Amino acid sequence: MNVNLLLTNVQRLRHRLAQPVAVQRTNALIAGLCLSVAVLGHAYGKENIMNSKQELNATAVPGNKSLPVRRSVQTASGRISYVEQGSGPVALFVHGVLLNSHLWRHQLADLSDIRRSIAVDLLAHGDTEIAPNQDVSVTANAKMLKEFLDALNIDHVDLVGNDSGGGISQIFAALYPDRVRSLTLTDCDTHDNWPPEAFKPFLAMAAGGGLRGTLDAMLADKSVYRSPQALGPAYEHPEQISDDSIETYLRPFVKSPQRTHDLERFLAAFDNKHTLAIEPQLKTLKAPTLIVWGTDDVYFPVKWSHWLAENIPGTRRRVELKDARIFFPEERWEEFDKELRAHWLLVEEQASQRELSATHECFRQFAAARNSARAADVLRGLVILDRRQNQ
């Protein structure tokens, strides 16, 4: 039930007619509409909260969950590849540099009972296809997400971001706050703390022309990927990252020279001017926000989770995962998913309460309106007017 739409229609009815009899008739319609809104809104709110609580406490049965499906959609920024699973309100997951939608496979599978979960491949990553001159900066990626949602006719999302995908999520939320039902940020680009010092040697290597050779080396010997000189510091247990996952992340970058060059351009575009530019909007963001941070992240120390919590007015909760590192959504997904479920449930409960309060206020206002001392009297007047009009 769209209470906002009903209330808008109520206001239109109030001003629609100016004749005395017509005013009485309109007030009667308004009172009846408000009664319906109040009753249905109360029932909807109770049912929504009950269902959400049942979902949170239910034991997941694999046989009841859908399977992931890979799709693509054309946008002005390119043909965007994505994986989706589940049904319900849409949750949009945004990965960071050198990864792709595969990062969120555990979230898509585990949360498919309560969300239509969508994980995109960013520009210059995964199976997304772009033109050679396509802007691939973080701001361009944020704008791509808006185009992506428009193409799929999705109005609002529960937005979840990690690493540079968290920076992109901040930019998206700042530029398009009406599209964000809730926001969850994990270890990510923040304020002026990026590119992080620990990642600058990799950027220097790429700028010096060594990216293709490094990618080839990591694919030929997966232990190179897991090493302290490469992506090892991003994981709490790098030895547990499978060869298949490394293949899934890196192979798209070497499909063609153009794909490798697109990643080079993505890395070269790293500049904290993008997050600094949207800070005024970020500091007014009211979307309910969850911040989950690993305490052993060499790229983004815990202090940046505090900065986000202090500067995003919508922050509801800040959580620290002891000893976790930047890619904990992959390694410690069960803990993270519990936080997501609890956050989304709270957002739904609060939304239901707001709708219920709005319907109660609607009824109070119209019950006190001119020529409507009591709603029952107005409804009886409606019956009398209808009889007269039909005589």
# chains A, B, ... in the order shown; residues from 1 in each chain; ligands from 1

$ residues_around --residues "Ala220 (chain A)" --least-positions-apart "6" --cutoff "12 Å" --atoms "only C-alpha atoms" --output "ChimeraX atom specification"
/A:213-214,243,246-247,250-251

$ residues_around --residues "Thr184 (chain A)" --least-positions-apart "5" --cutoff "12 Å" --atoms "only C-alpha atoms" --output "number ranges by chain"
A: 91-94, 157-162, 165-167, 169-170, 173, 287-293, 305, 308-309, 312, 314-319, 329, 336-337, 339-344, 347

$ atom_distance --atom1 "CA of Ile80 (chain A)" --atom2 "CA of His95 (chain A)"
13.7 Å

$ closest_residue --among "A:Ala351, A:Leu285, A:Ala207, A:Leu103" --to "Pro177 (chain A)" --atoms "only C-alpha atoms"
A:Leu285

$ atom_distance --atom1 "CA of Trp307 (chain A)" --atom2 "CA of Thr190 (chain A)"
8.2 Å

$ closest_residue --among "A:Asp113, A:Glu348, A:Glu320, A:Glu147" --to "Glu335 (chain A)" --atoms "only C-alpha atoms"
A:Glu320

$ closest_residue --among "A:Phe202, A:Leu215, A:Tyr176, A:Val302" --to "Thr260 (chain A)" --atoms "only C-alpha atoms"
A:Leu215

$ residues_around --residues "Pro252 (chain A)" --least-positions-apart "4" --cutoff "8 Å" --atoms "only C-alpha atoms" --output "compact mmCIF listing (two decimals) with C-alpha atoms, in the first residue's frame"
# COMPACT_ATOMS: atom_id res chain seq x y z
CA HIS A 125 35.67 -4.98 -14.40
CA GLY A 126 34.17 -8.44 -14.85
CA ASP A 127 31.97 -9.02 -17.87
CA THR A 248 37.08 -15.38 -11.78
CA ARG A 259 40.36 -4.81 -21.15

$ closest_residue --among "A:Lys283, A:Lys222, A:His306, A:Arg354" --to "Ile171 (chain A)" --atoms "only C-alpha atoms"
A:Lys283

$ select_by_dssp --residues "region 106-211 of chain A" --states "strand (DSSP E)" --output "mmCIF file with N, CA and C atoms, in the first residue's frame"
data_model
loop_
_atom_site.group_PDB
_atom_site.id
_atom_site.type_symbol
_atom_site.label_atom_id
_atom_site.label_comp_id
_atom_site.auth_asym_id
_atom_site.auth_seq_id
_atom_site.Cartn_x
_atom_site.Cartn_y
_atom_site.Cartn_z
ATOM 1 N N ARG A 116 15.772 -9.291 -3.399
ATOM 2 C CA ARG A 116 16.244 -9.494 -4.764
ATOM 3 C C ARG A 116 17.630 -8.859 -4.791
ATOM 4 N N SER A 117 18.636 -9.673 -4.610
ATOM 5 C CA SER A 117 20.006 -9.177 -4.471
ATOM 6 C C SER A 117 20.674 -9.112 -5.834
ATOM 7 N N ILE A 118 21.260 -7.953 -6.129
ATOM 8 C CA ILE A 118 21.912 -7.718 -7.420
ATOM 9 C C ILE A 118 23.347 -7.262 -7.164
ATOM 10 N N ALA A 119 24.295 -7.951 -7.803
ATOM 11 C CA ALA A 119 25.706 -7.569 -7.726
ATOM 12 C C ALA A 119 26.181 -7.202 -9.132
ATOM 13 N N VAL A 120 26.624 -5.970 -9.300
ATOM 14 C CA VAL A 120 27.055 -5.497 -10.618
ATOM 15 C C VAL A 120 28.549 -5.725 -10.818
ATOM 16 N N VAL A 157 16.895 1.141 -3.551
ATOM 17 C CA VAL A 157 17.708 -0.030 -3.227
ATOM 18 C C VAL A 157 18.268 0.071 -1.817
ATOM 19 N N ASP A 158 18.561 -1.096 -1.261
ATOM 20 C CA ASP A 158 19.425 -1.189 -0.092
ATOM 21 C C ASP A 158 20.834 -1.302 -0.652
ATOM 22 N N LEU A 159 21.636 -0.258 -0.510
ATOM 23 C CA LEU A 159 22.938 -0.158 -1.167
ATOM 24 C C LEU A 159 24.040 -0.654 -0.241
ATOM 25 N N VAL A 160 24.916 -1.532 -0.767
ATOM 26 C CA VAL A 160 26.001 -2.114 0.021
ATOM 27 C C VAL A 160 27.293 -1.979 -0.770
ATOM 28 N N GLY A 161 28.335 -1.382 -0.172
ATOM 29 C CA GLY A 161 29.582 -1.169 -0.883
ATOM 30 C C GLY A 161 30.804 -1.583 -0.092
ATOM 31 N N ASN A 162 31.839 -2.015 -0.814
ATOM 32 C CA ASN A 162 33.109 -2.428 -0.211
ATOM 33 C C ASN A 162 34.260 -1.845 -1.024
ATOM 34 N N ASP A 163 35.351 -1.448 -0.323
ATOM 35 C CA ASP A 163 36.562 -0.954 -0.965
ATOM 36 C C ASP A 163 36.220 0.257 -1.847
ATOM 37 N N VAL A 180 18.034 5.677 -2.385
ATOM 38 C CA VAL A 180 18.664 4.833 -1.360
ATOM 39 C C VAL A 180 17.702 4.598 -0.201
ATOM 40 N N ARG A 181 17.220 3.371 -0.102
ATOM 41 C CA ARG A 181 16.359 2.992 1.027
ATOM 42 C C ARG A 181 17.198 2.809 2.296
ATOM 43 N N SER A 182 18.362 2.206 2.145
ATOM 44 C CA SER A 182 19.319 2.088 3.246
ATOM 45 C C SER A 182 20.711 1.981 2.646
ATOM 46 N N LEU A 183 21.712 2.250 3.475
ATOM 47 C CA LEU A 183 23.099 2.232 3.026
ATOM 48 C C LEU A 183 23.929 1.399 3.992
ATOM 49 N N THR A 184 24.792 0.557 3.463
ATOM 50 C CA THR A 184 25.753 -0.184 4.274
ATOM 51 C C THR A 184 27.131 0.009 3.672
ATOM 52 N N LEU A 185 28.054 0.499 4.489
ATOM 53 C CA LEU A 185 29.428 0.718 4.045
ATOM 54 C C LEU A 185 30.367 -0.187 4.841
ATOM 55 N N THR A 186 31.246 -0.871 4.122
ATOM 56 C CA THR A 186 32.315 -1.638 4.749
ATOM 57 C C THR A 186 33.633 -0.955 4.403
ATOM 58 N N ASP A 187 34.733 -1.483 4.862
ATOM 59 C CA ASP A 187 36.044 -0.868 4.667
ATOM 60 C C ASP A 187 36.156 -0.301 3.252
ATOM 61 N N CYS A 188 36.365 1.016 3.159
ATOM 62 C CA CYS A 188 36.270 1.637 1.834
ATOM 63 C C CYS A 188 36.939 3.001 1.777
#

$ residues_around --residues "Ala268 (chain A)" --least-positions-apart "3" --cutoff "10 Å" --atoms "only C-alpha atoms" --output "PyMOL selection string"
chain A and resi 136-137+203-204+206-207+262-265+271

$ write_last_selection --atoms "C-alpha atoms" --output "PDB file, in the first residue's frame"
ATOM      1  CA  VAL A 136      35.741   4.865 -15.650  1.00  0.00           C
ATOM      2  CA  SER A 137      36.284   7.109 -12.611  1.00  0.00           C
ATOM      3  CA  LEU A 203      49.307   1.960  -8.631  1.00  0.00           C
ATOM      4  CA  ALA A 204      52.887   2.947  -9.391  1.00  0.00           C
ATOM      5  CA  ALA A 206      50.428  -0.075 -13.178  1.00  0.00           C
ATOM      6  CA  ALA A 207      51.379   3.471 -14.170  1.00  0.00           C
ATOM      7  CA  ASP A 262      40.508  -0.137 -19.172  1.00  0.00           C
ATOM      8  CA  LEU A 263      41.773  -1.345 -15.782  1.00  0.00           C
ATOM      9  CA  GLU A 264      44.855   0.853 -16.176  1.00  0.00           C
ATOM     10  CA  ARG A 265      42.574   3.832 -16.738  1.00  0.00           C
ATOM     11  CA  ASP A 271      41.692  10.638  -6.859  1.00  0.00           C
TER      12      ASP A 271
END

$ residues_around --residues "Arg115 (chain A)" --least-positions-apart "5" --cutoff "6 Å" --atoms "only C-alpha atoms" --output "ChimeraX atom specification"
/A:86-90

$ residues_around --residues "Lys322 (chain A)" --least-positions-apart "4" --cutoff "10 Å" --atoms "only C-alpha atoms" --output "list of chain:residue names"
A:Trp293, A:Gly294, A:Thr295, A:Asp296

$ select_by_dssp --residues "region 48-222 of chain A" --states "alpha helix (DSSP H)" --output "number ranges by chain"
A: 48-57, 105-110, 138-151, 164-175, 200-207, 211-220, 222

$ decode --residues "region 206-247 of chain A" --atoms "C-alpha atoms" --output "PDB file, in the first residue's frame"
ATOM      1  CA  ALA A 206      50.428  -0.075 -13.178  1.00  0.00           C
ATOM      2  CA  ALA A 207      51.379   3.471 -14.170  1.00  0.00           C
ATOM      3  CA  GLY A 208      54.821   2.212 -15.136  1.00  0.00           C
ATOM      4  CA  GLY A 209      53.406  -0.290 -17.609  1.00  0.00           C
ATOM      5  CA  GLY A 210      53.696  -3.428 -15.493  1.00  0.00           C
ATOM      6  CA  LEU A 211      50.015  -4.246 -15.040  1.00  0.00           C
ATOM      7  CA  ARG A 212      49.650  -6.898 -17.743  1.00  0.00           C
ATOM      8  CA  GLY A 213      52.757  -8.725 -16.577  1.00  0.00           C
ATOM      9  CA  THR A 214      51.558  -8.673 -12.973  1.00  0.00           C
ATOM     10  CA  LEU A 215      48.124  -9.999 -13.918  1.00  0.00           C
ATOM     11  CA  ASP A 216      49.698 -12.778 -15.980  1.00  0.00           C
ATOM     12  CA  ALA A 217      51.984 -13.708 -13.079  1.00  0.00           C
ATOM     13  CA  MET A 218      49.092 -13.898 -10.593  1.00  0.00           C
ATOM     14  CA  LEU A 219      47.071 -16.052 -12.972  1.00  0.00           C
ATOM     15  CA  ALA A 220      49.970 -18.384 -13.748  1.00  0.00           C
ATOM     16  CA  ASP A 221      50.865 -18.854 -10.089  1.00  0.00           C
ATOM     17  CA  LYS A 222      47.982 -18.169  -7.729  1.00  0.00           C
ATOM     18  CA  SER A 223      50.356 -17.962  -4.769  1.00  0.00           C
ATOM     19  CA  VAL A 224      51.561 -14.656  -6.215  1.00  0.00           C
ATOM     20  CA  TYR A 225      48.012 -13.268  -5.820  1.00  0.00           C
ATOM     21  CA  ARG A 226      47.978 -14.470  -2.198  1.00  0.00           C
ATOM     22  CA  SER A 227      51.432 -13.063  -1.409  1.00  0.00           C
ATOM     23  CA  PRO A 228      52.136 -10.046   0.830  1.00  0.00           C
ATOM     24  CA  GLN A 229      53.399  -8.177  -2.243  1.00  0.00           C
ATOM     25  CA  ALA A 230      50.052  -8.542  -4.046  1.00  0.00           C
ATOM     26  CA  LEU A 231      46.527  -9.084  -2.661  1.00  0.00           C
ATOM     27  CA  GLY A 232      47.457 -11.159   0.381  1.00  0.00           C
ATOM     28  CA  PRO A 233      47.125  -8.232   2.844  1.00  0.00           C
ATOM     29  CA  ALA A 234      43.481  -7.793   1.768  1.00  0.00           C
ATOM     30  CA  TYR A 235      42.559 -11.147   3.330  1.00  0.00           C
ATOM     31  CA  GLU A 236      42.586 -12.434   6.878  1.00  0.00           C
ATOM     32  CA  HIS A 237      43.341 -15.923   5.498  1.00  0.00           C
ATOM     33  CA  PRO A 238      44.717 -15.501   1.967  1.00  0.00           C
ATOM     34  CA  GLU A 239      45.660 -19.176   1.797  1.00  0.00           C
ATOM     35  CA  GLN A 240      41.959 -20.049   1.793  1.00  0.00           C
ATOM     36  CA  ILE A 241      41.097 -18.083  -1.356  1.00  0.00           C
ATOM     37  CA  SER A 242      40.512 -20.659  -4.049  1.00  0.00           C
ATOM     38  CA  ASP A 243      42.244 -20.767  -7.412  1.00  0.00           C
ATOM     39  CA  ASP A 244      38.824 -20.613  -9.049  1.00  0.00           C
ATOM     40  CA  SER A 245      37.975 -17.338  -7.298  1.00  0.00           C
ATOM     41  CA  ILE A 246      41.280 -15.810  -8.384  1.00  0.00           C
ATOM     42  CA  GLU A 247      40.565 -16.897 -11.950  1.00  0.00           C
TER      43      GLU A 247
END
